[in-house]
Amino acid sequence: YTEGSHQDGNTPQVMSETANKTPGVRVRFAPSPTGYLHVGGARTALFNWLFARRQGGTMVLRIEDTDAERNKPELVKGILDGLQWLGVDWDEGPFYQSQRTELYRAAAKKCLSNGSAFLCYCPAEKYAGGDHTEPAQDEEPKAGGPRRVTRCTCRDGIPSTPGAKPAVRFKVPLGGTTKFFDAVFGESEFSNDEIEDFVLLRSAKGDEEFGQSMYQLGVVVDDIDMRITHVIRGADHISNTPKQVLLYRALGAEPPVFAHVPLILGADKRRLSKRHGATDVNMYRAEGFLPEAFRNFLALLGWSPGGDEEFLRTKDLLQKFSLEGVSRTNAVFDRPKLEWFNTQYLQKLPIEELLPEVENELKRSGLWKPEWAAGAAPGSDGRDHAWLAKTVDLLRPRIRLLPDFSSWSLAFFTDDFQRDPAAKEKFWKDAKVPELLAKLADALAAIPEWNHDACDHVSRAVAEAGGVKAGLLINATRVAIVGQAVAPPLFDTMVVLGQQRVVGRLREAVAGFGKS
RNA sequence: GGCGCUAUGGUGCAACGGUUAGCACGCGGCCCUUUCAAGGCCGAAAUACGGGUUCGAUUCCCGUUAGCGCUACCA
């Protein structure tokens, strides 16, 4: 078979018999490019991925783009990017349903020939929308009670609108039930009389015999062709499942195990939508969330390992994930908790894992300097090979999102920063401050060995000599050297900034006192 | 409307017949302290309602209510 979109549209993508050597679990994620990758889809993708990787199975990616009207091919890239950011990879695909049309038509014809489907000439409106609790006008009510769904005469071989282009509909059995097993919800049974004769193939628009496949057909044909063993998808598909089971039977295939996962809702308990703020996974990336934190948060929406642990790194998720832990109740997307997870990862990640993320952020904002990669302090002799690590380590308990490294921490990465007027107002209002800072600058300049304790002793000595509390000088100094009232502990900050810069910034601040 | 699913603090989850109903986010307070975080401690806060079954129900069954889903020639 061929992967990707780089093939001619005439050859359907068909799985070859030898495509996959891994027996066992095969799952798939099948987004539709009618929008971006939303958090619900991302969560479904994550569960599939976790399940596949946990079981040593295969993950297939399939793009369900059978609706030419709504489909926006340019959105596929964003979806793929989102998955990649999330760390969800796949072994086969992406396959595009729009390139597999012949496969669906062949399946529909098979249903037609074995009597499980029929040609329907009715106008779409007859079936669409509204209330179907009454029997269709042109048919007799059944003896056992009113029909629940529309059943037209076409299904009995009597075209309702002769001459119209027909669609292919599935001929749902009259009476009886359809059962299936769901790994999350258990056994389910639906009455066939509640299932409408759903469309398999749209009617032709041009001079072809039939139009494009509909969702139900495409899903089943592909899941059979791709030998999917576990269908893990949103609970909004529960009601579609009996239709699909009927299709599996009609095509002579055994249905897979289904696992429907609860939906993700907004704070108002309504289905998550744009109104609720960001629902596009790529927006979280853009905001500066760490992918692993996002993944951890997402995994816990509708799933739990059973105990109380919550900080679960990807390796932990991989080790603990199981369908048994999936909940049956819809979950509200709680942004504050997501932010908490992010701060947890920012703090707990081994520094070497965080550094690349910070580097990307600093490059994005244009603050990055190549010499930091080696760990050298700016303007130093290069002996301090852990400068960036030390700085990031100092900063990280106070960071909420990656871009904070560029904005809130600006003074740590460049000399081009402004001193916050409000901070000056707050900590420089004591008249002794200029003189104290000047003395401190001189005292610091004289330190032979620049380290935390030396800075501490010198600063406290200057405060004492000046007759003020150490805190007053410390706070004033903080504003002088990093420009803001809020920053990491002063002496650690001094160490990281380096003697030359600290003294320079102090003198610069003193010089600027007269001016505004 | 019909059919289906669900129901533990505001939120995410535990407890899968017997617990003072647990953890986390958020919220309030205290401690720490050099600003702000982080961290530690404490606190307020829940089994939707009504019937059963049982020695005993958050847990099992039924009903009610509520929410969500499906009910398209969308996926």
# chains A, B, ... in the order shown; residues from 1 in each chain; ligands from 1

$ residues_around --residues "A:Thr66" --least-positions-apart "5" --cutoff "8 Å" --atoms "only C-alpha atoms (C1' of nucleotides)" --output "PDB file with C-alpha atoms, in the first residue's frame"
ATOM      1  CA  ASN A  71     -13.029  18.847   4.393  1.00  0.00           C
ATOM      2  CA  GLN A  97     -10.210   7.956   2.923  1.00  0.00           C
ATOM      3  CA  SER A  98     -10.680  10.240  -0.034  1.00  0.00           C
ATOM      4  CA  GLN A 212     -18.566   9.262  -1.974  1.00  0.00           C
ATOM      5  CA  SER A 213     -18.698   6.967   1.003  1.00  0.00           C
ATOM      6  CA  MET A 214     -20.373   8.013   4.205  1.00  0.00           C
ATOM      7  CA  TYR A 215     -18.776   7.808   7.609  1.00  0.00           C
TER       8      TYR A 215
END

$ interface_residues --of "chain B" --to "chain A" --cutoff "12 Å" --atoms "only C-alpha atoms (C1' of nucleotides)" --output "VMD selection string"
chain B and resid 1 to 8 10 to 16 22 to 26 33 to 39 66 to 75

$ residues_around --residues "stretch 412-415 of chain A" --least-positions-apart "2" --cutoff "12 Å" --atoms "only C-alpha atoms (C1' of nucleotides)" --output "short mmCIF file (atom, residue, chain, number, x, y, z; two decimals) with C-alpha atoms, in the first residue's frame"
data_model
loop_
_atom_site.label_atom_id
_atom_site.label_comp_id
_atom_site.auth_asym_id
_atom_site.auth_seq_id
_atom_site.Cartn_x
_atom_site.Cartn_y
_atom_site.Cartn_z
CA VAL A 358 14.05 26.91 27.29
CA GLU A 359 16.52 27.13 24.45
CA GLU A 361 11.79 29.62 23.80
CA LEU A 362 14.79 31.96 23.93
CA LYS A 363 15.40 31.40 20.25
CA SER A 365 12.01 35.45 21.35
CA GLY A 366 15.39 36.32 19.87
CA LEU A 367 17.23 36.32 23.20
CA TRP A 368 19.26 33.22 22.59
CA LYS A 369 23.02 33.45 22.41
CA GLU A 371 27.56 30.53 23.74
CA TRP A 372 24.94 29.44 26.26
CA ALA A 377 28.18 32.76 31.23
CA PRO A 378 27.86 35.84 29.09
CA GLY A 379 31.09 37.72 29.16
CA TRP A 387 25.48 28.86 33.54
CA LEU A 388 22.26 28.28 31.65
CA LYS A 390 21.96 27.28 36.99
CA THR A 391 19.98 30.23 35.75
CA VAL A 392 17.05 28.16 34.58
CA LEU A 394 16.90 29.47 39.76
CA LEU A 395 14.10 30.79 37.65
CA ASP A 404 7.88 33.64 30.97
CA PHE A 405 11.56 32.82 30.48
CA SER A 406 11.67 35.54 27.86
CA SER A 407 9.41 38.11 29.45
CA TRP A 408 9.44 37.80 33.21
CA SER A 409 13.09 36.71 33.20
CA LEU A 410 14.26 39.17 30.59
CA PHE A 417 15.68 45.71 30.05
CA GLN A 418 13.66 48.46 31.70
CA ARG A 419 13.22 49.00 35.42
CA ILE A 481 19.74 44.67 39.03
CA VAL A 482 16.74 42.92 37.48
CA GLY A 483 14.29 45.78 37.17
CA GLN A 484 11.40 44.23 38.98
CA ALA A 487 12.50 37.87 41.20
CA PRO A 488 14.46 34.97 42.64
CA ASP A 492 21.53 33.66 43.99
CA THR A 493 20.56 36.15 41.36
CA MET A 494 23.82 38.01 41.84
CA VAL A 495 25.84 34.84 41.43
CA VAL A 496 24.12 33.97 38.21
CA LEU A 497 24.35 37.48 36.81
CA GLY A 498 28.04 37.80 37.62
CA GLN A 500 30.63 42.74 36.52
CA ARG A 501 26.98 42.97 35.55
CA VAL A 502 25.68 43.39 39.06
CA GLY A 504 27.38 47.79 36.46
CA ARG A 505 23.65 47.67 36.82
CA GLU A 508 23.59 52.51 36.25
#
